[in-house]
file my_file-v4.tsv (TSV, C-alpha atoms)
chain	number	residue	atom	x	y	z
X	20	MET	CA	-1.88	-94.91	-41.90
X	21	ASP	CA	-0.07	-97.24	-44.27
X	22	ARG	CA	-2.49	-96.83	-47.17
X	23	LYS	CA	-3.75	-93.86	-49.14
X	24	LEU	CA	-6.44	-91.63	-47.67
X	25	ASN	CA	-9.40	-91.72	-50.05
X	26	VAL	CA	-11.39	-88.50	-50.28
X	27	LEU	CA	-14.73	-87.73	-51.96
X	28	LEU	CA	-15.67	-84.11	-52.76
X	29	ALA	CA	-19.17	-82.63	-53.11
X	30	ASP	CA	-19.88	-79.02	-54.14
X	31	ASP	CA	-22.30	-77.64	-56.73
X	32	SER	CA	-19.58	-75.38	-58.13
X	33	GLN	CA	-17.26	-77.07	-60.62
X	34	THR	CA	-14.58	-74.46	-59.98
X	35	VAL	CA	-14.60	-75.22	-56.23
X	36	LEU	CA	-14.28	-78.94	-56.99
X	37	THR	CA	-11.34	-78.18	-59.29
X	38	GLN	CA	-9.74	-75.96	-56.65
X	39	LEU	CA	-10.15	-78.55	-53.86
X	40	GLU	CA	-8.93	-81.35	-56.10
X	41	GLY	CA	-5.84	-79.29	-56.97
X	42	ILE	CA	-5.00	-78.77	-53.29
X	43	LEU	CA	-5.62	-82.42	-52.39
X	44	ASN	CA	-3.60	-83.74	-55.34
X	45	GLY	CA	-0.59	-81.96	-53.86
X	46	ILE	CA	-0.81	-83.99	-50.63
X	47	ASP	CA	1.11	-87.28	-50.39
X	48	ASP	CA	-0.68	-90.59	-49.89
X	49	LEU	CA	-4.09	-89.22	-50.77
X	50	ALA	CA	-6.46	-89.99	-53.63
X	51	VAL	CA	-9.54	-88.06	-54.70
X	52	VAL	CA	-11.97	-90.87	-55.50
X	53	GLY	CA	-14.95	-88.88	-56.73
X	54	LEU	CA	-16.52	-85.49	-57.43
X	55	ALA	CA	-20.24	-84.95	-56.76
X	56	GLN	CA	-22.32	-81.83	-57.47
X	57	ASN	CA	-25.26	-82.48	-55.13
X	58	GLY	CA	-26.08	-84.35	-51.92
X	59	ALA	CA	-27.78	-87.31	-53.58
X	60	ALA	CA	-24.76	-87.95	-55.82
X	61	ALA	CA	-22.47	-87.63	-52.78
X	62	ILE	CA	-24.39	-90.38	-50.95
X	63	ARG	CA	-24.44	-92.65	-54.00
X	64	MET	CA	-20.72	-92.18	-54.64
X	65	THR	CA	-19.93	-92.69	-50.95
X	66	ASN	CA	-21.73	-96.04	-51.04
X	67	GLU	CA	-19.81	-97.02	-54.16
X	68	SER	CA	-16.31	-95.88	-53.26
X	69	MET	CA	-16.37	-96.02	-49.42
X	70	PRO	CA	-13.89	-93.12	-48.94
X	71	ASP	CA	-12.17	-92.32	-45.65
X	72	LEU	CA	-13.30	-88.70	-45.81
X	73	VAL	CA	-16.12	-86.82	-47.53
X	74	LEU	CA	-15.88	-83.02	-47.96
X	75	LEU	CA	-19.40	-81.63	-48.34
X	76	ASP	CA	-20.73	-78.19	-49.21
X	77	ILE	CA	-23.79	-77.28	-47.10
X	78	VAL	CA	-25.81	-75.41	-49.73
X	79	MET	CA	-26.36	-77.56	-52.82
X	80	PRO	CA	-29.33	-77.95	-55.13
X	81	GLY	CA	-31.67	-80.85	-54.36
X	82	LEU	CA	-30.51	-82.76	-51.31
X	83	ASP	CA	-28.35	-80.34	-49.30
X	84	GLY	CA	-25.10	-81.03	-47.47
X	85	LEU	CA	-26.58	-81.39	-43.97
X	86	SER	CA	-29.08	-84.01	-45.20
X	87	ALA	CA	-26.26	-85.84	-46.98
X	88	LEU	CA	-24.13	-85.64	-43.82
X	89	ARG	CA	-26.95	-87.16	-41.75
X	90	THR	CA	-27.40	-90.03	-44.22
X	91	ILE	CA	-23.71	-90.77	-44.70
X	92	ARG	CA	-22.96	-90.76	-40.96
X	93	SER	CA	-25.94	-93.01	-40.20
X	94	MET	CA	-25.01	-95.50	-42.93
X	95	HIS	CA	-21.24	-95.35	-42.49
X	96	PRO	CA	-20.23	-94.00	-39.05
X	97	GLU	CA	-16.63	-94.98	-39.79
X	98	ILE	CA	-16.40	-92.41	-42.61
X	99	GLU	CA	-15.31	-88.93	-41.54
X	100	VAL	CA	-17.30	-86.03	-43.00
X	101	ALA	CA	-16.17	-82.39	-43.03
X	102	MET	CA	-18.19	-79.44	-44.29
X	103	VAL	CA	-16.62	-76.78	-46.54
X	104	THR	CA	-19.11	-73.97	-46.77
X	105	SER	CA	-19.74	-70.28	-47.24
X	106	LEU	CA	-22.10	-70.59	-44.23
X	107	GLY	CA	-19.23	-71.48	-41.88
X	108	GLY	CA	-19.96	-68.53	-39.63
X	109	ASP	CA	-23.67	-69.33	-39.28
X	110	SER	CA	-23.41	-70.80	-35.78
X	111	ALA	CA	-26.78	-72.59	-36.03
X	112	LYS	CA	-25.73	-74.37	-39.23
X	113	ALA	CA	-22.22	-75.12	-37.96
X	114	GLU	CA	-23.53	-76.44	-34.64
X	115	GLU	CA	-26.06	-78.62	-36.46
X	116	ALA	CA	-23.26	-80.01	-38.62
X	117	PHE	CA	-21.16	-80.89	-35.57
X	118	LYS	CA	-24.15	-82.47	-33.85
X	119	LEU	CA	-24.78	-84.58	-36.95
X	120	GLY	CA	-21.22	-85.87	-36.74
X	121	ALA	CA	-19.09	-83.54	-38.88
X	122	CYS	CA	-15.45	-83.55	-37.80
X	123	GLN	CA	-14.89	-79.92	-38.89
X	124	VAL	CA	-16.67	-77.04	-40.62
X	125	ILE	CA	-14.33	-75.02	-42.83
X	126	ALA	CA	-15.52	-71.57	-43.85
X	127	LYS	CA	-15.09	-70.42	-47.45
X	128	PRO	CA	-12.94	-68.92	-48.75
X	129	PHE	CA	-10.57	-71.67	-47.70
X	130	ASP	CA	-6.84	-71.81	-48.29
X	131	ALA	CA	-4.57	-74.78	-48.90
X	132	GLU	CA	-3.36	-74.65	-45.31
X	133	SER	CA	-6.83	-75.15	-43.81
X	134	ILE	CA	-7.47	-78.16	-46.08
X	135	GLU	CA	-4.03	-79.62	-45.28
X	136	SER	CA	-4.69	-79.21	-41.53
X	137	LEU	CA	-8.01	-80.98	-41.94
X	138	ILE	CA	-6.34	-83.90	-43.73
X	139	GLU	CA	-3.72	-84.11	-40.99
X	140	MET	CA	-6.47	-84.15	-38.34
X	141	VAL	CA	-8.44	-86.87	-40.15
X	142	ARG	CA	-5.33	-89.02	-40.63
X	143	SER	CA	-4.54	-88.70	-36.94
X	144	ASP	CA	-8.14	-89.59	-35.95
X	145	LEU	CA	-8.14	-92.62	-38.24
X	146	GLU	CA	-4.78	-93.79	-36.92
X	147	THR	CA	-6.01	-93.47	-33.33
X	148	GLY	CA	-9.15	-95.44	-34.23
X	149	GLN	CA	-7.08	-98.10	-35.99
X	150	ALA	CA	-4.70	-98.41	-33.04
X	151	LEU	CA	-7.63	-98.89	-30.65
X	152	ASN	CA	-9.00	-101.66	-32.89
X	153	ASP	CA	-5.63	-103.49	-33.21
B	12	MET	CA	-10.28	-66.01	-42.02
B	13	SER	CA	-14.07	-65.65	-42.46
B	14	ILE	CA	-16.97	-64.94	-40.20
B	15	GLN	CA	-17.03	-67.98	-38.00
B	16	PHE	CA	-18.16	-69.06	-34.57
B	17	PHE	CA	-15.88	-69.64	-31.62
B	18	GLY	CA	-16.06	-73.46	-31.70
B	19	GLN	CA	-14.80	-73.65	-35.29
B	20	PHE	CA	-12.04	-71.20	-34.49
B	21	LEU	CA	-10.88	-73.42	-31.60
B	22	ILE	CA	-10.86	-76.56	-33.76
B	23	ALA	CA	-9.03	-74.80	-36.59
B	24	ARG	CA	-6.33	-73.75	-34.12
B	25	GLY	CA	-6.08	-77.28	-32.71
B	26	GLU	CA	-7.20	-76.12	-29.23
B	27	VAL	CA	-10.03	-78.69	-29.04
B	28	ASP	CA	-11.38	-81.40	-31.35
B	29	ALA	CA	-14.85	-81.98	-32.80
B	30	ALA	CA	-15.75	-84.54	-30.10
B	31	HIS	CA	-14.95	-81.97	-27.38
B	32	LEU	CA	-17.06	-79.36	-29.15
B	33	ARG	CA	-19.96	-81.79	-29.56
B	34	GLU	CA	-19.80	-82.55	-25.82
B	35	ALA	CA	-19.84	-78.81	-25.06
B	36	LEU	CA	-22.83	-78.21	-27.38
B	37	THR	CA	-24.76	-80.99	-25.63
B	38	LEU	CA	-23.97	-79.46	-22.23
B	39	MET	CA	-25.07	-76.03	-23.49
B	40	SER	CA	-28.34	-77.44	-24.87
B	41	SER	CA	-29.14	-78.98	-21.49
B	42	ARG	CA	-28.21	-75.82	-19.57
B	43	ASN	CA	-29.25	-72.86	-21.73
B	44	ALA	CA	-32.96	-72.13	-21.41
B	45	THR	CA	-34.91	-70.46	-24.19
B	46	LEU	CA	-36.80	-67.30	-23.28
B	47	GLY	CA	-40.04	-69.28	-23.57
B	48	ASP	CA	-38.82	-72.02	-21.19
B	49	LEU	CA	-37.67	-69.39	-18.73
B	50	ALA	CA	-40.99	-67.52	-18.87
B	51	VAL	CA	-42.87	-70.80	-18.24
B	52	ALA	CA	-40.55	-71.69	-15.35
B	53	GLU	CA	-41.14	-68.24	-13.84
B	54	GLY	CA	-44.91	-68.71	-14.18
B	55	LEU	CA	-45.26	-65.81	-16.63
B	56	LEU	CA	-46.38	-67.79	-19.68
B	57	ALA	CA	-48.27	-71.04	-20.28
B	58	PRO	CA	-46.67	-73.66	-22.59
B	59	ARG	CA	-49.51	-73.12	-25.11
B	60	ASP	CA	-48.59	-69.38	-25.32
B	61	VAL	CA	-45.00	-70.33	-26.11
B	62	ALA	CA	-46.12	-72.72	-28.87
B	63	ARG	CA	-48.42	-70.08	-30.34
B	64	ILE	CA	-45.70	-67.40	-30.40
B	65	HIS	CA	-43.23	-69.83	-31.99
B	66	ALA	CA	-45.79	-70.60	-34.70
B	67	GLU	CA	-46.32	-66.89	-35.30
B	68	GLN	CA	-42.57	-66.35	-35.71
B	69	HIS	CA	-42.73	-68.40	-38.92
B	70	SER	CA	-44.61	-65.57	-40.58
B	71	ARG	CA	-43.35	-62.51	-38.67
B	72	ASP	CA	-39.72	-61.46	-38.35
B	73	LEU	CA	-39.86	-60.47	-34.68
B	74	HIS	CA	-38.06	-61.73	-31.59
B	75	PHE	CA	-40.01	-64.01	-29.25
B	76	GLY	CA	-40.01	-61.46	-26.44
B	77	ASP	CA	-41.13	-58.59	-28.68
B	78	LEU	CA	-44.12	-60.63	-29.89
B	79	CYS	CA	-45.05	-61.49	-26.28
B	80	VAL	CA	-45.00	-57.79	-25.33
B	81	GLU	CA	-46.94	-56.82	-28.46
B	82	GLN	CA	-49.67	-59.33	-27.56
B	83	GLY	CA	-49.80	-58.34	-23.91
B	84	LEU	CA	-48.45	-61.66	-22.63
B	85	LEU	CA	-45.46	-59.98	-20.98
B	86	THR	CA	-44.78	-56.42	-19.87
B	87	ALA	CA	-41.65	-54.69	-21.13
B	88	ALA	CA	-40.22	-54.83	-17.60
B	89	GLN	CA	-40.84	-58.58	-17.38
B	90	LEU	CA	-39.13	-59.07	-20.73
B	91	VAL	CA	-36.07	-57.09	-19.62
B	92	GLU	CA	-35.87	-59.16	-16.43
B	93	LEU	CA	-36.20	-62.45	-18.33
B	94	LEU	CA	-33.47	-61.40	-20.79
B	95	ARG	CA	-31.21	-60.47	-17.88
B	96	MET	CA	-31.80	-63.87	-16.25
B	97	GLN	CA	-31.24	-65.70	-19.53
B	98	ASN	CA	-28.00	-63.85	-20.16
B	99	GLU	CA	-26.78	-64.39	-16.59
B	100	ARG	CA	-27.40	-68.14	-16.76
B	101	ARG	CA	-26.19	-68.63	-20.34
B	102	LEU	CA	-23.29	-71.04	-20.68
B	103	PRO	CA	-21.11	-69.93	-23.64
B	104	VAL	CA	-19.21	-72.54	-25.63
B	105	GLY	CA	-15.81	-71.52	-24.20
B	106	GLU	CA	-16.97	-71.87	-20.61
B	107	ALA	CA	-18.64	-75.20	-21.40
B	108	LEU	CA	-15.29	-76.45	-22.72
B	109	VAL	CA	-13.55	-75.21	-19.56
B	110	GLU	CA	-16.17	-76.88	-17.37
B	111	LEU	CA	-15.66	-80.15	-19.23
B	112	GLY	CA	-11.90	-79.89	-18.74
B	113	HIS	CA	-11.10	-79.51	-22.45
B	114	LEU	CA	-9.71	-75.98	-22.19
B	115	ALA	CA	-7.88	-74.07	-19.44
B	116	SER	CA	-9.68	-70.91	-18.29
B	117	ASP	CA	-6.62	-68.63	-18.73
B	118	ARG	CA	-6.17	-69.99	-22.25
B	119	LEU	CA	-9.87	-69.27	-22.95
B	120	ALA	CA	-9.45	-65.59	-22.06
B	121	LEU	CA	-6.48	-65.28	-24.39
B	122	LEU	CA	-8.23	-67.06	-27.28
B	123	LEU	CA	-11.37	-64.97	-26.89
B	124	ASP	CA	-9.29	-61.81	-27.34
B	125	VAL	CA	-7.72	-63.17	-30.54
B	126	PHE	CA	-11.12	-64.31	-31.83
B	127	LYS	CA	-12.82	-60.98	-31.12
B	128	ALA	CA	-10.04	-59.02	-32.80
B	129	ASP	CA	-10.37	-61.15	-35.95
B	130	GLN	CA	-14.17	-61.03	-36.08
B	131	ALA	CA	-14.22	-57.25	-35.57
B	132	ASN	CA	-13.16	-57.04	-39.24
B	133	TYR	CA	-16.62	-58.22	-40.19
B	134	ALA	CA	-18.78	-55.83	-38.20
B	135	THR	CA	-21.36	-54.29	-40.52
B	136	GLY	CA	-21.56	-50.54	-41.03
B	137	GLN	CA	-24.39	-48.18	-41.88
B	138	ILE	CA	-25.46	-47.34	-45.44
B	139	ARG	CA	-28.39	-45.10	-46.36
B	140	LEU	CA	-31.02	-47.15	-48.11
B	141	PRO	CA	-34.13	-46.01	-49.99
B	142	ASP	CA	-37.63	-46.63	-48.61
B	143	GLY	CA	-38.61	-50.20	-49.31
B	144	LEU	CA	-35.12	-51.52	-48.64
B	145	ALA	CA	-34.43	-49.53	-45.48
B	146	ASN	CA	-36.07	-52.02	-43.14
B	147	HIS	CA	-34.84	-55.14	-44.84
B	148	ARG	CA	-32.52	-57.12	-42.56
B	149	ALA	CA	-30.21	-58.38	-45.32
B	150	ALA	CA	-29.95	-55.29	-47.54
B	151	GLU	CA	-27.71	-53.23	-45.28
B	152	PRO	CA	-25.08	-55.94	-44.53
B	153	THR	CA	-25.10	-56.96	-48.21
B	154	LEU	CA	-24.06	-53.46	-49.21
B	155	SER	CA	-21.79	-52.69	-46.29
B	156	LEU	CA	-19.80	-55.94	-46.61
B	157	PHE	CA	-19.47	-56.00	-50.40
B	158	ALA	CA	-16.36	-53.83	-50.74
B	159	ARG	CA	-14.57	-55.72	-47.96
B	160	PHE	CA	-15.23	-59.10	-49.56
B	161	ALA	CA	-14.33	-57.89	-53.06
B	162	MET	CA	-10.95	-56.89	-51.65
B	163	ARG	CA	-10.46	-59.96	-49.49
B	164	LEU	CA	-11.64	-62.61	-51.95
B	165	ALA	CA	-10.53	-61.07	-55.21
B	166	ARG	CA	-8.13	-58.22	-54.32
B	167	ILE	CA	-10.46	-55.86	-56.19
B	168	HIS	CA	-11.05	-52.33	-54.94
B	169	ALA	CA	-14.79	-51.64	-55.07
B	170	LYS	CA	-17.00	-48.88	-53.75
B	171	VAL	CA	-20.73	-49.11	-53.26
B	172	GLY	CA	-22.38	-46.11	-54.89
B	173	ALA	CA	-25.93	-44.85	-55.34
B	174	VAL	CA	-28.96	-47.08	-54.89
B	175	HIS	CA	-31.77	-46.29	-57.33
B	176	ALA	CA	-34.96	-47.87	-58.60
B	177	PHE	CA	-34.37	-50.57	-61.20
B	178	GLU	CA	-35.29	-49.51	-64.72
B	179	SER	CA	-33.65	-52.07	-66.96
B	180	ALA	CA	-30.70	-54.46	-66.88
B	181	PRO	CA	-27.38	-52.57	-67.21
B	182	GLU	CA	-26.09	-52.48	-70.79
B	183	PHE	CA	-22.82	-54.09	-69.63
B	184	ALA	CA	-24.57	-57.27	-68.37
B	185	ASP	CA	-22.31	-59.87	-69.99
B	186	VAL	CA	-22.52	-62.04	-66.86
B	187	SER	CA	-25.42	-62.04	-64.43
B	188	VAL	CA	-25.70	-64.35	-61.43
B	189	SER	CA	-28.43	-64.21	-58.82
B	190	ILE	CA	-28.75	-65.90	-55.41
B	191	PRO	CA	-31.89	-65.75	-53.23
B	192	LEU	CA	-31.74	-65.16	-49.49
B	193	THR	CA	-34.92	-66.55	-48.01
B	194	GLY	CA	-36.47	-65.62	-44.69
B	195	VAL	CA	-39.57	-63.83	-43.53
B	196	GLN	CA	-38.96	-61.45	-46.44
B	197	GLY	CA	-36.76	-62.79	-49.20
B	198	LEU	CA	-34.09	-60.83	-51.06
B	199	ASP	CA	-32.66	-61.73	-54.45
B	200	VAL	CA	-29.12	-60.46	-54.91
B	201	ALA	CA	-27.81	-60.35	-58.48
B	202	LEU	CA	-24.27	-59.43	-59.45
B	203	VAL	CA	-24.19	-58.06	-62.98
B	204	SER	CA	-20.94	-57.25	-64.75
B	205	ASP	CA	-19.11	-56.92	-68.01
B	206	ALA	CA	-16.76	-59.67	-69.20
B	207	GLU	CA	-13.64	-57.86	-67.96
B	208	PHE	CA	-14.79	-57.61	-64.33
B	209	ALA	CA	-16.26	-61.14	-64.40
B	210	GLU	CA	-12.98	-62.62	-65.65
B	211	ARG	CA	-10.96	-60.79	-63.02
B	212	LEU	CA	-13.35	-61.99	-60.31
B	213	ALA	CA	-13.35	-65.57	-61.60
B	214	LEU	CA	-9.55	-65.71	-61.85
B	215	ALA	CA	-9.13	-64.45	-58.29
B	216	THR	CA	-11.91	-66.57	-56.81
B	217	THR	CA	-10.98	-69.86	-58.45
B	218	GLY	CA	-7.19	-69.55	-58.60
B	219	LEU	CA	-7.32	-70.85	-62.19
B	220	ASP	CA	-5.02	-69.68	-64.99
B	221	GLU	CA	-6.35	-67.33	-67.66
B	222	SER	CA	-5.90	-70.13	-70.22
B	223	ASP	CA	-8.35	-72.32	-68.26
B	224	LEU	CA	-11.16	-69.77	-68.45
B	225	ASP	CA	-14.16	-70.31	-70.68
B	226	PRO	CA	-17.54	-68.52	-70.41
B	227	GLU	CA	-18.97	-71.29	-68.22
B	228	THR	CA	-16.00	-71.22	-65.82
B	229	VAL	CA	-16.19	-67.42	-65.62
B	230	ALA	CA	-19.90	-67.52	-64.74
B	231	ASP	CA	-19.25	-70.31	-62.19
B	232	GLY	CA	-16.42	-68.27	-60.65
B	233	VAL	CA	-18.67	-65.20	-60.34
B	234	GLY	CA	-21.36	-67.44	-58.83
B	235	GLU	CA	-18.90	-68.82	-56.29
B	236	PHE	CA	-17.76	-65.32	-55.33
B	237	LEU	CA	-21.41	-64.32	-54.78
B	238	ASN	CA	-22.03	-67.56	-52.87
B	239	VAL	CA	-19.10	-66.99	-50.48
B	240	PHE	CA	-19.91	-63.30	-50.06
B	241	LEU	CA	-23.63	-63.88	-49.37
B	242	GLY	CA	-22.82	-66.88	-47.16
B	243	ASN	CA	-20.87	-64.49	-44.98
B	244	VAL	CA	-23.77	-62.00	-45.04
B	245	VAL	CA	-26.08	-64.79	-43.83
B	246	SER	CA	-23.52	-65.67	-41.14
B	247	ALA	CA	-23.36	-62.04	-40.01
B	248	LEU	CA	-27.17	-61.95	-39.82
B	249	SER	CA	-27.18	-65.20	-37.85
B	250	VAL	CA	-24.73	-63.69	-35.32
B	251	GLU	CA	-27.19	-60.78	-34.92
B	252	GLY	CA	-30.09	-63.21	-34.35
B	253	HIS	CA	-31.75	-62.85	-37.78
B	254	PRO	CA	-31.51	-66.21	-39.52
B	255	MET	CA	-31.87	-66.37	-43.30
B	256	GLU	CA	-31.27	-69.20	-45.74
B	257	LEU	CA	-28.83	-69.02	-48.64
B	258	GLY	CA	-30.06	-70.36	-51.99
B	259	THR	CA	-28.06	-71.68	-54.93
B	260	PRO	CA	-26.82	-69.53	-57.84
B	261	ASP	CA	-29.13	-68.90	-60.80
B	262	TYR	CA	-27.23	-68.05	-63.97
B	263	GLU	CA	-30.30	-67.30	-66.08
B	264	ALA	CA	-32.40	-65.15	-63.75
B	265	GLU	CA	-34.28	-62.38	-65.48
B	266	LEU	CA	-33.84	-58.99	-63.83
B	267	VAL	CA	-37.22	-57.32	-63.71
B	268	ASP	CA	-37.53	-54.95	-60.76
B	269	GLY	CA	-36.06	-53.81	-57.44
B	270	TRP	CA	-33.06	-51.53	-56.96
B	271	THR	CA	-29.83	-51.13	-58.88
B	272	VAL	CA	-26.75	-50.47	-56.76
B	273	ASP	CA	-23.91	-48.81	-58.67
B	274	LEU	CA	-20.48	-50.28	-57.99
B	275	ALA	CA	-17.29	-48.38	-58.66
B	276	VAL	CA	-14.66	-50.98	-59.53
B	277	GLU	CA	-11.09	-50.63	-60.74
B	278	THR	CA	-11.47	-53.14	-63.58
B	279	GLY	CA	-14.48	-53.27	-65.90
B	280	ARG	CA	-18.03	-52.42	-64.83
B	281	ALA	CA	-20.41	-54.01	-62.33
B	282	ALA	CA	-23.61	-53.45	-60.37
B	283	LEU	CA	-25.76	-55.23	-57.85
B	284	VAL	CA	-29.49	-55.61	-58.39
B	285	LEU	CA	-31.56	-56.25	-55.26
B	286	SER	CA	-35.19	-57.33	-55.41
B	287	LEU	CA	-37.62	-58.36	-52.70
B	288	PHE	CA	-39.77	-61.46	-52.97
call {"tool": "encode", "arguments": {"input": "my_file-v4.tsv", "output": "structure tokens"}}
result
Amino acid sequence: MDRKLNVLLADDSQTVLTQLEGILNGIDDLAVVGLAQNGAAAIRMTNESMPDLVLLDIVMPGLDGLSALRTIRSMHPEIEVAMVTSLGGDSAKAEEAFKLGACQVIAKPFDAESIESLIEMVRSDLETGQALND
Amino acid sequence: MSIQFFGQFLIARGEVDAAHLREALTLMSSRNATLGDLAVAEGLLAPRDVARIHAEQHSRDLHFGDLCVEQGLLTAAQLVELLRMQNERRLPVGEALVELGHLASDRLALLLDVFKADQANYATGQIRLPDGLANHRAAEPTLSLFARFAMRLARIHAKVGAVHAFESAPEFADVSVSIPLTGVQGLDVALVSDAEFAERLALATTGLDESDLDPETVADGVGEFLNVFLGNVVSALSVEGHPMELGTPDYEAELVDGWTVDLAVETGRAALVLSLF
């Protein structure tokens, strides 16, 4: 990818957003384009900023992460969505997320390495998609 | 690593990608029969019985087969036979990936061993609970996993002590965060602590510097610890076939009744308060 990877984050915990933003800011050619604290805000900010990747928490007040995932993927199938959640080991929730189009479900607590691997995977997927379209 | 399911583990290790896993899940859905489907196919139940039992499961925390036996729709021997058939025909995610050509079978065996060894760290133990909590699905894993997660998430040594009837909020309740687990019978889990323990927990959970901490950040950090810990409890329950839903943290919940669980911690003071709803 020649341009920056734009990432939107959604989690109801401000400290998790700060933590994720800190990890992502340390990765080259990447920009965090927005921070949302619920599913509805994540959808609105996705429509506005059209990121390459959205990282969504599953359990959020109001519209939850799985509902937001469903909406974002149906409106913008080109945008990758990954879930970062404390429910990562709940196979029913994780399977539902994959079926709805999530590219990965990362269980909390996460470390920098798991987020960096995710970014690498998304970059590689986007490059493959771009190459097929060229 | 956390409690996770095999598909996630494979993606995290780069063994398969999400598209492969999605393909495997679709194959499993088409192949793996529910107990109700199997009983109908074997001529033991009518579709309307299956629908009725499913509806009843919304209000009673019992397995499908147990409800069928209780209501005389199946004998215990028929249930055992159906479970044997279901298990024999079940296509696990690893084998689905092998069948689809996304994973080699010898590699699968090796990865399953690694996965099982990791997940064995999260097996729940046995803790004596008072009447009223003893039969609650979530109470036992909540208490048996707490010390492990305090160590793993925050590097804090903690021991779960006596469980006694709630009388009043502990006098050291500088920070109190509560999260509901909803299911057939809900459980509110509150973590109550003094400022010293809460700050230690928040620093370890968020990775922030001490200079970045303010009361709101500390409470949010404690809430996130409780969220991750209880998310893993819900995951453990899901693995055992007892689904519950995790709610969002409440920082102003009033503690009124239930059980107080003493926690012995190396820094500050803390307790859990459990209440049924």
call {"tool": "atom_distance", "arguments": {"input": "my_file-v4.tsv", "atom1": "atom CA of Ile190 of chain B", "atom2": "atom CA of Val78 of chain X"}}
result
11.5 Å
call {"tool": "closest_residue", "arguments": {"input": "my_file-v4.tsv", "among": "X:Gln56, X:Ser133, X:Thr65, X:Thr147", "to": "Met94 of chain X", "atoms": "only C-alpha atoms"}}
result
X:Thr65
call {"tool": "residues_around", "arguments": {"input": "my_file-v4.tsv", "residues": "segment 155-172 of chain B", "least_positions_apart": "6", "cutoff": "12 Å", "atoms": "all atoms listed in the file", "output": "MDAnalysis selection string"}}
result
(chainID X and resid 127:130) or (chainID B and resid 12:14 132:140 149 200 202 208:218 232:233 235:248 271:283)
call {"tool": "atom_distance", "arguments": {"input": "my_file-v4.tsv", "atom1": "atom CA of Glu81 of chain B", "atom2": "atom CA of Leu56 of chain B"}}
result
14.1 Å
call {"tool": "closest_atom_pairs", "arguments": {"input": "my_file-v4.tsv", "of": "chain X", "to": "chain B", "cutoff": "9 Å", "atoms": "all atoms listed in the file", "output": "Markdown table"}}
result
| residue | atom | partner | partner_atom | distance |
| --- | --- | --- | --- | --- |
| X:Asp31 | CA | B:Thr259 | CA | 8.5 |
| X:Ser32 | CA | B:Asp231 | CA | 6.5 |
| X:Gln33 | CA | B:Asp231 | CA | 7.2 |
| X:Thr34 | CA | B:Thr217 | CA | 6.0 |
| X:Val35 | CA | B:Thr217 | CA | 6.8 |
| X:Thr37 | CA | B:Thr217 | CA | 8.4 |
| X:Gln38 | CA | B:Thr217 | CA | 6.5 |
| X:Val78 | CA | B:Thr259 | CA | 6.8 |
| X:Met79 | CA | B:Thr259 | CA | 6.5 |
| X:Pro80 | CA | B:Thr259 | CA | 6.4 |
| X:Thr104 | CA | B:Val239 | CA | 7.9 |
| X:Ser105 | CA | B:Gly242 | CA | 4.6 |
| X:Leu106 | CA | B:Gly242 | CA | 4.8 |
| X:Gly107 | CA | B:Gln15 | CA | 5.7 |
| X:Gly108 | CA | B:Gln15 | CA | 3.4 |
| X:Asp109 | CA | B:Ser246 | CA | 4.1 |
| X:Ser110 | CA | B:Phe16 | CA | 5.7 |
| X:Ala111 | CA | B:Ser249 | CA | 7.6 |
| X:Ala113 | CA | B:Gln19 | CA | 8.0 |
| X:Glu114 | CA | B:Leu36 | CA | 7.5 |
| X:Phe117 | CA | B:Arg33 | CA | 6.2 |
| X:Lys118 | CA | B:Arg33 | CA | 6.0 |
| X:Gly120 | CA | B:Arg33 | CA | 8.4 |
| X:Ala121 | CA | B:Ala29 | CA | 7.6 |
| X:Cys122 | CA | B:Ala29 | CA | 5.3 |
| X:Gln123 | CA | B:Ala29 | CA | 6.4 |
| X:Val124 | CA | B:Gln19 | CA | 6.6 |
| X:Ile125 | CA | B:Gln19 | CA | 7.7 |
| X:Ala126 | CA | B:Ser13 | CA | 6.3 |
| X:Lys127 | CA | B:Val239 | CA | 6.1 |
| X:Pro128 | CA | B:Val239 | CA | 6.7 |
| X:Phe129 | CA | B:Met12 | CA | 8.0 |
| X:Ser133 | CA | B:Ala23 | CA | 7.6 |
| X:Ser136 | CA | B:Ala23 | CA | 7.9 |
| X:Leu137 | CA | B:Ala23 | CA | 8.2 |
| X:Met140 | CA | B:Gly25 | CA | 8.9 |
call {"tool": "atom_distance", "arguments": {"input": "my_file-v4.tsv", "atom1": "atom CA of Leu119 of chain X", "atom2": "atom CA of Glu99 of chain X"}}
result
11.4 Å
call {"tool": "build_atoms", "arguments": {"input": "my_file-v4.tsv", "residues": "segment 24-28 of chain X", "atoms": "N, CA and C atoms", "output": "PDB file, keeping the file's coordinate frame"}}
result
ATOM      1  N   LEU X  24      -5.183 -92.165 -48.199  1.00  0.00           N
ATOM      2  CA  LEU X  24      -6.440 -91.630 -47.670  1.00  0.00           C
ATOM      3  C   LEU X  24      -7.326 -91.320 -48.870  1.00  0.00           C
ATOM      4  N   ASN X  25      -8.489 -91.943 -48.929  1.00  0.00           N
ATOM      5  CA  ASN X  25      -9.400 -91.720 -50.050  1.00  0.00           C
ATOM      6  C   ASN X  25     -10.419 -90.644 -49.700  1.00  0.00           C
ATOM      7  N   VAL X  26     -10.535 -89.656 -50.574  1.00  0.00           N
ATOM      8  CA  VAL X  26     -11.390 -88.500 -50.280  1.00  0.00           C
ATOM      9  C   VAL X  26     -12.413 -88.294 -51.402  1.00  0.00           C
ATOM     10  N   LEU X  27     -13.660 -88.055 -51.008  1.00  0.00           N
ATOM     11  CA  LEU X  27     -14.730 -87.730 -51.960  1.00  0.00           C
ATOM     12  C   LEU X  27     -15.125 -86.269 -51.761  1.00  0.00           C
ATOM     13  N   LEU X  28     -15.332 -85.536 -52.843  1.00  0.00           N
ATOM     14  CA  LEU X  28     -15.670 -84.110 -52.760  1.00  0.00           C
ATOM     15  C   LEU X  28     -17.077 -83.853 -53.285  1.00  0.00           C
TER      16      LEU X  28
END
